[in-house]
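**Student:** Got a structure for you, structure_7.pdb, holding PDB, C-alpha atoms and all ligand atoms.
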```
ATOM      1  CA  MET K   1       0.000   0.000   0.000
ATOM      2  CA  ARG K   2       1.352   3.415  -0.993
ATOM      3  CA  GLU K   3      -0.898   6.359  -0.311
ATOM      4  CA  ARG K   4      -1.526   9.332   1.971
ATOM      5  CA  ARG K   5      -4.457   9.434   4.351
ATOM      6  CA  TRP K   6      -5.896  12.576   5.922
ATOM      7  CA  ASP K   7      -6.908  12.690   9.571
ATOM      8  CA  PRO K   8     -10.004  14.865   9.824
ATOM      9  CA  ALA K   9      -9.462  15.264  13.586
ATOM     10  CA  THR K  10      -5.942  16.737  13.353
ATOM     11  CA  GLY K  11      -5.898  18.015   9.778
ATOM     12  CA  ALA K  12      -2.606  16.162   9.228
ATOM     13  CA  TRP K  13      -1.662  13.740   6.470
ATOM     14  CA  THR K  14       0.053  10.418   7.129
ATOM     15  CA  THR K  15       2.130   8.859   4.360
ATOM     16  CA  PHE K  16       1.926   5.095   4.023
ATOM     17  CA  THR K  17       4.886   3.494   2.293
ATOM     18  CA  ASN K  18       5.911   0.026   1.334
ATOM     19  CA  VAL K  19       9.239   0.565   3.075
ATOM     20  CA  PRO K  20       9.931   1.191   6.738
ATOM     21  CA  PRO K  21      11.317   4.755   7.126
ATOM     22  CA  ASP K  22      13.030   3.685  10.343
ATOM     23  CA  ARG K  23      15.144   0.920   8.853
ATOM     24  CA  ALA K  24      18.499   0.768  10.581
ATOM     25  CA  PRO K  25      21.667   1.756   8.673
ATOM     26  CA  ASP K  26      22.837  -1.851   8.708
ATOM     27  CA  ASP K  27      19.765  -2.914   6.730
ATOM     28  CA  LEU K  28      21.193  -1.104   3.726
ATOM     29  CA  GLU K  29      24.541  -2.826   3.269
ATOM     30  CA  PRO K  30      26.248  -2.175   1.008
ATOM     31  CA  CYS K  31      25.607   1.543   1.233
ATOM     32  CA  PRO K  32      23.459   2.672  -1.741
ATOM     33  CA  LEU K  33      25.293   6.007  -1.944
ATOM     34  CA  CYS K  34      28.643   4.212  -2.225
ATOM     35  CA  ARG K  35      27.229   2.176  -5.117
ATOM     36  CA  LEU K  36      26.243   5.194  -7.240
ATOM     37  CA  PRO K  37      27.845   4.810 -10.664
ATOM     38  CA  VAL K  38      29.496   8.219 -10.617
ATOM     39  CA  GLY K  39      33.009   9.526 -10.273
ATOM     40  CA  ALA K  40      34.230  12.339  -8.059
ATOM     41  CA  TYR K  41      31.708  14.925  -6.945
ATOM     42  CA  ASP K  42      31.303  17.608  -4.292
ATOM     43  CA  VAL K  43      27.563  17.237  -3.891
ATOM     44  CA  LEU K  44      25.102  15.067  -5.789
ATOM     45  CA  VAL K  45      21.281  14.899  -5.828
ATOM     46  CA  VAL K  46      19.642  11.545  -6.526
ATOM     47  CA  GLU K  47      16.054  10.389  -6.351
ATOM     48  CA  ASP K  48      15.331   8.332  -3.272
ATOM     49  CA  PRO K  49      15.357   4.737  -4.571
ATOM     50  CA  LEU K  50      12.451   3.961  -2.190
ATOM     51  CA  PRO K  51      10.639   7.304  -2.267
ATOM     52  CA  PRO K  52       7.813   7.953   0.213
ATOM     53  CA  LEU K  53       6.615  10.656  -2.214
ATOM     54  CA  GLU K  54       7.120  10.871  -5.961
ATOM     55  CA  PRO K  55       5.987  12.946  -8.964
ATOM     56  CA  SER K  56       3.982  10.120 -10.579
ATOM     57  CA  PRO K  57       2.976   7.768  -7.781
ATOM     58  CA  PRO K  58       0.656   4.789  -8.192
ATOM     59  CA  PRO K  59      -2.987   5.636  -7.473
ATOM     60  CA  ALA K  60      -4.175   5.418  -3.879
ATOM     61  CA  HIS K  61      -4.982   1.880  -2.834
ATOM     62  CA  THR K  62      -7.863   2.642  -0.513
ATOM     63  CA  GLU K  63     -11.179   4.340  -1.162
ATOM     64  CA  ALA K  64     -12.202   6.839   1.462
ATOM     65  CA  ALA K  65     -15.591   8.323   2.260
ATOM     66  CA  GLU K  66     -16.433  11.303   4.482
ATOM     67  CA  PRO K  67     -14.988  12.300   6.885
ATOM     68  CA  TYR K  68     -11.788  10.745   5.521
ATOM     69  CA  ALA K  69      -9.662  11.595   2.507
ATOM     70  CA  VAL K  70      -6.987   9.646   0.690
ATOM     71  CA  THR K  71      -4.598  10.619  -2.107
ATOM     72  CA  ALA K  72      -1.729   9.156  -4.062
ATOM     73  CA  ALA K  73       1.670   9.853  -2.468
ATOM     74  CA  ILE K  74       2.417  12.759  -4.789
ATOM     75  CA  GLY K  75       5.441  14.977  -4.187
ATOM     76  CA  ALA K  76       9.152  14.318  -4.376
ATOM     77  CA  SER K  77      11.766  12.582  -2.250
ATOM     78  CA  GLU K  78      15.398  13.275  -3.039
ATOM     79  CA  VAL K  79      18.617  12.321  -1.340
ATOM     80  CA  VAL K  80      21.627  14.628  -1.419
ATOM     81  CA  ALA K  81      25.006  12.904  -1.138
ATOM     82  CA  HIS K  82      27.552  15.330   0.289
ATOM     83  CA  ALA K  83      30.684  13.363  -0.572
ATOM     84  CA  PRO K  84      31.704  10.146  -2.326
ATOM     85  CA  GLU K  85      33.526   9.102   0.874
ATOM     86  CA  HIS K  86      31.357   7.018   3.180
ATOM     87  CA  GLU K  87      33.192   8.091   6.330
ATOM     88  CA  ALA K  88      33.057  11.843   5.689
ATOM     89  CA  THR K  89      30.883  14.097   7.861
ATOM     90  CA  PHE K  90      29.626  17.676   7.566
ATOM     91  CA  VAL K  91      32.355  18.554  10.059
ATOM     92  CA  SER K  92      35.205  16.733   8.289
ATOM     93  CA  LEU K  93      34.130  18.110   4.890
ATOM     94  CA  GLY K  94      34.521  21.702   6.082
ATOM     95  CA  PRO K  95      32.530  24.920   5.610
ATOM     96  CA  LYS K  96      33.134  25.209   1.856
ATOM     97  CA  ARG K  97      31.335  21.930   1.202
ATOM     98  CA  LEU K  98      28.457  23.027   3.427
ATOM     99  CA  GLU K  99      28.297  26.141   1.282
ATOM    100  CA  ASP K 100      28.041  23.923  -1.821
ATOM    101  CA  ALA K 101      25.217  22.054  -0.087
ATOM    102  CA  ILE K 102      23.381  25.297   0.661
ATOM    103  CA  HIS K 103      23.496  26.278  -3.032
ATOM    104  CA  VAL K 104      22.149  22.850  -4.020
ATOM    105  CA  TRP K 105      19.417  22.974  -1.375
ATOM    106  CA  ALA K 106      18.425  26.419  -2.705
ATOM    107  CA  ASP K 107      18.292  25.133  -6.288
ATOM    108  CA  ARG K 108      16.148  22.125  -5.380
ATOM    109  CA  TYR K 109      13.877  24.326  -3.221
ATOM    110  CA  ALA K 110      13.329  26.619  -6.237
ATOM    111  CA  THR K 111      12.830  23.789  -8.742
ATOM    112  CA  LEU K 112      10.521  21.623  -6.634
ATOM    113  CA  GLY K 113       8.692  24.617  -5.180
ATOM    114  CA  ALA K 114       7.892  25.861  -8.694
ATOM    115  CA  ARG K 115       5.778  22.767  -9.324
ATOM    116  CA  PRO K 116       2.120  23.702  -8.798
ATOM    117  CA  GLU K 117       1.340  20.634  -6.698
ATOM    118  CA  ILE K 118       4.147  21.355  -4.204
ATOM    119  CA  GLY K 119       3.280  23.438  -1.128
ATOM    120  CA  TYR K 120       6.263  22.832   1.116
ATOM    121  CA  VAL K 121       9.846  21.711   0.501
ATOM    122  CA  LEU K 122      11.244  20.195   3.684
ATOM    123  CA  ILE K 123      15.051  20.009   3.697
ATOM    124  CA  HIS K 124      16.465  17.974   6.538
ATOM    125  CA  ALA K 125      19.295  15.708   7.606
ATOM    126  CA  ALA K 126      19.689  13.104  10.311
ATOM    127  CA  VAL K 127      23.195  12.409  11.547
ATOM    128  CA  GLY K 128      23.827   9.383  13.734
ATOM    129  CA  ASP K 129      21.808   6.282  14.519
ATOM    130  CA  ALA K 130      20.340   7.846  17.672
ATOM    131  CA  ALA K 131      18.895  10.655  15.541
ATOM    132  CA  GLY K 132      17.212   8.156  13.213
ATOM    133  CA  ALA K 133      19.668   8.342  10.311
ATOM    134  CA  THR K 134      18.974   5.542   7.828
ATOM    135  CA  LEU K 135      22.390   5.941   6.175
ATOM    136  CA  THR K 136      25.755   6.655   7.708
ATOM    137  CA  HIS K 137      27.020   8.101   4.416
ATOM    138  CA  PRO K 138      26.955  11.939   4.643
ATOM    139  CA  HIS K 139      23.603  12.901   3.182
ATOM    140  CA  SER K 140      20.548  15.090   3.538
ATOM    141  CA  ARG K 141      17.002  14.692   2.281
ATOM    142  CA  ILE K 142      14.601  16.896   0.410
ATOM    143  CA  ASP K 143      10.950  15.974   0.710
ATOM    144  CA  ALA K 144       8.415  18.009  -1.227
ATOM    145  CA  TYR K 145       4.812  17.882   0.024
ATOM    146  CA  PRO K 146       1.531  19.194  -1.376
ATOM    147  CA  GLU K 147       0.644  20.726   1.999
ATOM    148  CA  ILE K 148       2.575  22.802   4.533
ATOM    149  CA  VAL K 149       3.783  20.177   6.996
ATOM    150  CA  PRO K 150       2.600  20.430  10.624
ATOM    151  CA  VAL K 151       5.593  21.915  12.488
ATOM    152  CA  PRO K 152       6.284  24.769  10.034
ATOM    153  CA  ARG K 153       2.521  25.342   9.689
ATOM    154  CA  ARG K 154       2.142  25.832  13.413
ATOM    155  CA  GLU K 155       5.124  28.222  13.444
ATOM    156  CA  LEU K 156       3.732  30.186  10.512
ATOM    157  CA  GLU K 157       0.280  30.473  12.046
ATOM    158  CA  THR K 158       1.771  31.604  15.359
ATOM    159  CA  ALA K 159       3.973  34.114  13.517
ATOM    160  CA  ARG K 160       0.939  35.433  11.665
ATOM    161  CA  GLY K 161      -0.840  35.981  14.984
ATOM    162  CA  HIS K 162       2.194  37.888  16.278
ATOM    163  CA  LEU K 163       2.325  39.990  13.116
ATOM    164  CA  LEU K 164      -1.350  40.901  13.388
ATOM    165  CA  ALA K 165      -0.943  41.819  17.059
ATOM    166  CA  THR K 166       2.354  43.728  16.874
ATOM    167  CA  ASP K 167       3.059  44.441  13.193
ATOM    168  CA  ARG K 168       6.393  42.677  13.613
ATOM    169  CA  CYS K 169       7.901  39.320  12.604
ATOM    170  CA  VAL K 170       8.231  37.128  15.694
ATOM    171  CA  PHE K 171      11.559  35.720  14.460
ATOM    172  CA  CYS K 172      12.967  39.239  13.983
ATOM    173  CA  ASP K 173      11.857  39.927  17.585
ATOM    174  CA  ILE K 174      13.605  36.730  18.746
ATOM    175  CA  VAL K 175      16.840  37.759  16.981
ATOM    176  CA  ALA K 176      16.734  41.188  18.670
ATOM    177  CA  SER K 177      15.993  39.649  22.052
ATOM    178  CA  GLU K 178      18.742  37.013  21.887
ATOM    179  CA  ARG K 179      21.300  39.525  20.683
ATOM    180  CA  GLY K 180      20.337  41.898  23.476
ATOM    181  CA  ASP K 181      20.469  39.242  26.176
ATOM    182  CA  GLY K 182      23.380  37.117  24.967
ATOM    183  CA  ALA K 183      22.952  34.408  27.627
ATOM    184  CA  ARG K 184      21.793  31.807  25.132
ATOM    185  CA  VAL K 185      23.939  32.849  22.152
ATOM    186  CA  VAL K 186      26.321  30.100  21.038
ATOM    187  CA  LYS K 187      27.993  31.892  18.131
ATOM    188  CA  ALA K 188      27.146  34.653  15.662
ATOM    189  CA  ASN K 189      28.416  36.440  12.582
ATOM    190  CA  ASP K 190      27.107  39.406  10.595
ATOM    191  CA  SER K 191      24.380  37.387   8.857
ATOM    192  CA  PHE K 192      23.381  34.601  11.255
ATOM    193  CA  LEU K 193      22.845  33.992  14.954
ATOM    194  CA  ALA K 194      23.129  30.556  16.636
ATOM    195  CA  PHE K 195      21.499  30.214  20.048
ATOM    196  CA  VAL K 196      19.801  27.778  22.394
ATOM    197  CA  PRO K 197      16.084  28.675  22.248
ATOM    198  CA  PHE K 198      14.567  30.285  25.358
ATOM    199  CA  ALA K 199      12.051  27.419  25.578
ATOM    200  CA  ALA K 200      14.251  24.711  23.991
ATOM    201  CA  ARG K 201      12.544  21.320  23.647
ATOM    202  CA  VAL K 202      15.744  19.303  24.190
ATOM    203  CA  PRO K 203      18.873  20.193  26.199
ATOM    204  CA  TYR K 204      21.225  20.947  23.292
ATOM    205  CA  GLU K 205      18.763  22.318  20.764
ATOM    206  CA  VAL K 206      20.277  25.130  18.685
ATOM    207  CA  HIS K 207      18.509  27.424  16.235
ATOM    208  CA  VAL K 208      20.408  29.326  13.569
ATOM    209  CA  LEU K 209      18.409  32.368  12.460
ATOM    210  CA  ALA K 210      19.053  34.829   9.664
ATOM    211  CA  GLN K 211      19.724  38.172  11.337
ATOM    212  CA  ARG K 212      17.549  39.955   8.792
ATOM    213  CA  HIS K 213      14.117  39.025   7.520
ATOM    214  CA  ALA K 214      14.987  36.624   4.677
ATOM    215  CA  PRO K 215      12.019  34.294   3.957
ATOM    216  CA  SER K 216      13.982  31.510   2.251
ATOM    217  CA  LEU K 217      17.325  30.306   0.927
ATOM    218  CA  LEU K 218      16.519  32.127  -2.315
ATOM    219  CA  GLU K 219      16.675  35.544  -0.632
ATOM    220  CA  LEU K 220      20.104  34.852   0.897
ATOM    221  CA  THR K 221      23.007  36.485  -0.930
ATOM    222  CA  ASP K 222      26.150  34.494  -1.716
ATOM    223  CA  VAL K 223      27.893  36.243   1.174
ATOM    224  CA  GLU K 224      25.064  35.268   3.523
ATOM    225  CA  ARG K 225      25.105  31.672   2.312
ATOM    226  CA  ALA K 226      28.848  31.514   2.997
ATOM    227  CA  GLU K 227      28.309  32.955   6.472
ATOM    228  CA  LEU K 228      25.538  30.421   7.146
ATOM    229  CA  ALA K 229      27.891  27.603   6.110
ATOM    230  CA  ARG K 230      30.656  28.926   8.332
ATOM    231  CA  LEU K 231      28.388  29.306  11.380
ATOM    232  CA  LEU K 232      26.705  25.917  10.879
ATOM    233  CA  HIS K 233      30.103  24.294  10.583
ATOM    234  CA  GLN K 234      31.287  25.961  13.802
ATOM    235  CA  VAL K 235      28.203  24.774  15.699
ATOM    236  CA  LEU K 236      28.412  21.204  14.339
ATOM    237  CA  ALA K 237      32.122  21.031  15.182
ATOM    238  CA  GLY K 238      31.208  22.264  18.670
ATOM    239  CA  TYR K 239      28.598  19.499  18.947
ATOM    240  CA  ASP K 240      31.334  16.934  18.279
ATOM    241  CA  ARG K 241      33.617  18.497  20.896
ATOM    242  CA  LEU K 242      30.861  18.795  23.525
ATOM    243  CA  PHE K 243      31.120  15.195  24.716
ATOM    244  CA  ASP K 244      34.135  14.146  22.615
ATOM    245  CA  PHE K 245      32.150  11.995  20.211
ATOM    246  CA  PRO K 246      30.121  12.799  17.095
ATOM    247  CA  LEU K 247      26.856  14.060  18.554
ATOM    248  CA  PRO K 248      23.801  12.741  16.681
ATOM    249  CA  TYR K 249      21.243  15.369  15.648
ATOM    250  CA  VAL K 250      18.419  16.171  13.279
ATOM    251  CA  LEU K 251      18.902  19.276  11.150
ATOM    252  CA  ALA K 252      15.762  20.926   9.757
ATOM    253  CA  ILE K 253      15.469  23.927   7.489
ATOM    254  CA  HIS K 254      12.335  25.997   8.008
ATOM    255  CA  GLN K 255      11.567  28.570   5.353
ATOM    256  CA  ALA K 256       8.755  29.955   3.224
ATOM    257  CA  PRO K 257       6.126  27.549   1.898
ATOM    258  CA  THR K 258       5.947  27.379  -1.873
ATOM    259  CA  ASP K 259       2.177  27.262  -2.189
ATOM    260  CA  ASP K 260       0.983  30.781  -2.887
ATOM    261  CA  GLY K 261       3.367  33.407  -1.539
ATOM    262  CA  GLN K 262       0.945  34.404   1.236
ATOM    263  CA  TRP K 263       3.440  33.530   3.942
ATOM    264  CA  GLN K 264       6.442  35.698   2.958
ATOM    265  CA  SER K 265       5.910  38.307   5.691
ATOM    266  CA  VAL K 266       5.965  35.677   8.441
ATOM    267  CA  SER K 267       8.518  33.258   6.948
ATOM    268  CA  HIS K 268      11.961  33.851   8.400
ATOM    269  CA  PHE K 269      14.690  31.469   7.272
ATOM    270  CA  HIS K 270      16.186  29.339  10.036
ATOM    271  CA  VAL K 271      17.890  26.031  10.738
ATOM    272  CA  GLU K 272      16.878  23.933  13.742
ATOM    273  CA  LEU K 273      19.263  21.401  15.268
ATOM    274  CA  THR K 274      17.857  18.873  17.734
ATOM    275  CA  PRO K 275      20.255  16.346  19.274
ATOM    276  CA  PRO K 276      18.589  13.513  21.199
ATOM    277  CA  HIS K 277      21.345  13.332  23.850
ATOM    278  CA  ARG K 278      20.654  14.827  27.251
ATOM    279  CA  SER K 279      24.196  14.157  28.488
ATOM    280  CA  ALA K 280      27.327  12.364  27.310
ATOM    281  CA  ASP K 281      25.976   8.923  28.107
ATOM    282  CA  GLU K 282      22.257   9.432  28.275
ATOM    283  CA  LEU K 283      19.818   9.599  25.417
ATOM    284  CA  ARG K 284      16.543  11.333  25.891
ATOM    285  CA  ARG K 285      13.894   8.653  26.212
ATOM    286  CA  PRO K 286      10.372   9.081  24.846
ATOM    287  CA  TYR K 287       8.556  11.310  27.291
ATOM    288  CA  PRO K 288       4.964  10.122  27.775
ATOM    289  CA  PRO K 289       3.293  13.581  27.960
ATOM    290  CA  GLU K 290       4.956  14.392  24.637
ATOM    291  CA  LEU K 291       3.197  11.463  22.978
ATOM    292  CA  ALA K 292       0.090  12.002  25.062
ATOM    293  CA  GLY K 293      -0.241  15.743  24.685
ATOM    294  CA  GLY K 294       2.559  17.181  22.563
ATOM    295  CA  VAL K 295       4.150  18.659  25.702
ATOM    296  CA  HIS K 296       7.936  18.966  25.857
ATOM    297  CA  VAL K 297       9.836  18.633  29.121
ATOM    298  CA  ASN K 298      13.504  19.604  29.010
ATOM    299  CA  PRO K 299      15.759  18.274  31.789
ATOM    300  CA  GLY K 300      18.468  20.834  30.911
ATOM    301  CA  VAL K 301      18.823  24.585  31.395
ATOM    302  CA  PRO K 302      19.080  26.542  28.106
ATOM    303  CA  GLU K 303      21.470  29.176  29.506
ATOM    304  CA  ARG K 304      23.768  26.468  30.889
ATOM    305  CA  SER K 305      23.657  24.496  27.615
ATOM    306  CA  ALA K 306      24.543  27.678  25.739
ATOM    307  CA  GLU K 307      27.534  28.208  28.037
ATOM    308  CA  GLN K 308      28.744  24.627  27.414
ATOM    309  CA  LEU K 309      28.232  24.951  23.675
ATOM    310  CA  ARG K 310      29.995  28.336  23.547
ATOM    311  CA  ALA K 311      33.009  26.708  25.186
ATOM    312  CA  ALA K 312      32.865  23.714  22.809
ATOM    313  CA  VAL K 313      32.509  25.916  19.719
ATOM    314  CA  GLY K 314      35.351  28.184  20.853
ATOM    315  CA  GLU K 315      36.578  31.391  19.224
TER     316      GLU K 315
HETATM  317 ZN    ZN O   1      28.359   5.062   1.626
HETATM  318 ZN    ZN O   2      11.684  38.108  10.395
HETATM  319 ZN    ZN O   3      11.248  26.420  12.870
END
```
Turn this file's structure into structure tokens for me.
Ligand SMILES: [Zn+2]
Ligand SMILES: [Zn+2]
Ligand SMILES: [Zn+2]
**Tutor:**
Amino acid sequence: MRERRWDPATGAWTTFTNVPPDRAPDDLEPCPLCRLPVGAYDVLVVEDPLPPLEPSPPPAHTEAAEPYAVTAAIGASEVVAHAPEHEATFVSLGPKRLEDAIHVWADRYATLGARPEIGYVLIHAAVGDAAGATLTHPHSRIDAYPEIVPVPRRELETARGHLLATDRCVFCDIVASERGDGARVVKANDSFLAFVPFAARVPYEVHVLAQRHAPSLLELTDVERAELARLLHQVLAGYDRLFDFPLPYVLAIHQAPTDDGQWQSVSHFHVELTPPHRSADELRRPYPPELAGGVHVNPGVPERSAEQLRAAVGE
């Protein structure tokens, strides 16, 4: 069965695939990205060989009547290989290669987003088994959905409320507040600010926000893209120094939806990093109220995490 079903109670779509998205890295030996029939490259985009979403999917398997809805799994699922070398990491590859990745992400965002059936292009990466990575090979994923996916949608709707109430972008307010306070800032340059969020969901969560109101990768200048790469690289290198092992994390890019342009004033480009570790030897376990009610409980202290990360990132 390959299809997407809509939950009328939550308004969210669930994608049903014929492959488990949580297959362990060892299930995929030998590594499919090592087997690509290509020579040297800096960054390479390939279609996901087992795509959850695709441009011409088979028709939906199930018939649905009110109040339910079902559709074919239309969209796109791409994998970006960031190096031919299986053992490379974003940190070992260096900031220049992250900059290459940012240009490729921007190109795919523009190309996929231009398709009329695509409403949101979700660019993300999982690094490390504990973060749910299905490949150890350095890679990221680009999933293009017809609808704005739930987490960005909630952010955008909240930001729209803030804009209506104050006439300001909530993310621009957050940048001003974090710069003014400084207690949670991990590292900054002229274009970007990396900080532990005031109400972080996990102990070592870091957000990297554009210092000015840029809705998406497409509005970032080449200089800004280079500065984003440099700052991201510094934070990721700091993650690896924090506990002296490669810290697993999920990286998510949140930016403007590509549905109708109605969200530009409240879309503010940012990268969210969420590591599942709560300490060097302890992973965050599923927290029942999170599954029960969507409530996050953070055993850390954001200001203390920021202090640790500042030290790990260094000058
Ligand atoms: Zn590989
Ligand atoms: Zn803004
Ligand atoms: Zn976000």
**Student:** Once the PyMOL selection byres (((chain K and resi 59-69) around 7) and not hetatm) has been applied to the shown file, what residues remain in the selection, as a list of chain:residue names?
**Tutor:**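 Answer for the PyMOL selection byres (((chain K and resi 59-69) around 7) and not hetatm): K:Met1, K:Arg2, K:Glu3, K:Arg5, K:Trp6, K:Asp7, K:Pro8, K:Pro57, K:Pro58, K:Val70, K:Thr71, K:Ala72.
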**Student:** Using only C-alpha atoms and all ligand atoms for the distances, tell me which of K:Pro37, K:Pro51, K:Pro215, K:Gly113 is nearest to ligand ZN 2 (chain O).
**Tutor:**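 Smallest separation from ligand ZN 2 (chain O) among the options: K:Pro215.
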**Student:** With all atoms listed in the file as the atoms that count, which of K:Pro138, K:Leu112, K:Ile102, K:Gly294 lies nearest to K:Leu220?
**Tutor:**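 Closest to K:Leu220, using all atoms listed in the file: K:Ile102.
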**Student:** Neighbours of ligand ZN 3 (chain O) within 9 Å, counting all atoms listed in the file, as a PyMOL selection string?
**Tutor:** chain K and resi 151-152+155-156+207+252-255+268-272
**Student:** Given the PyMOL selection byres (((not hetatm)) within 10 of (chain O and resi 2)) and the file above, list the residues it selects as number ranges by chain.
**Tutor:** K: 159, 163, 168-175, 209-215, 264-270
**Student:** Skip K:Val202 itself and residues of its chain fewer than 4 positions away, then list as a count of residues only all residues within 12 Å of it, counting only C-alpha atoms.
**Tutor:** 30
**Student:** Around ligand ZN 1 (chain O), which protein and nucleic acid residues have at least one atom no more than 7 Å from it, if we count all atoms listed in the file? List them as a JSON list (two decimals) with C-alpha atoms, in the coordinates of the input.
**Tutor:**
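Below is the file that was written, pocket03.json:
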```
[["chain", "number", "residue", "atom", "x", "y", "z"],
["K", 31, "CYS", "CA", 25.61, 1.54, 1.23],
["K", 32, "PRO", "CA", 23.46, 2.67, -1.74],
["K", 33, "LEU", "CA", 25.29, 6.01, -1.94],
["K", 34, "CYS", "CA", 28.64, 4.21, -2.22],
["K", 85, "GLU", "CA", 33.53, 9.10, 0.87],
["K", 86, "HIS", "CA", 31.36, 7.02, 3.18],
["K", 136, "THR", "CA", 25.76, 6.66, 7.71],
["K", 137, "HIS", "CA", 27.02, 8.10, 4.42]]
```
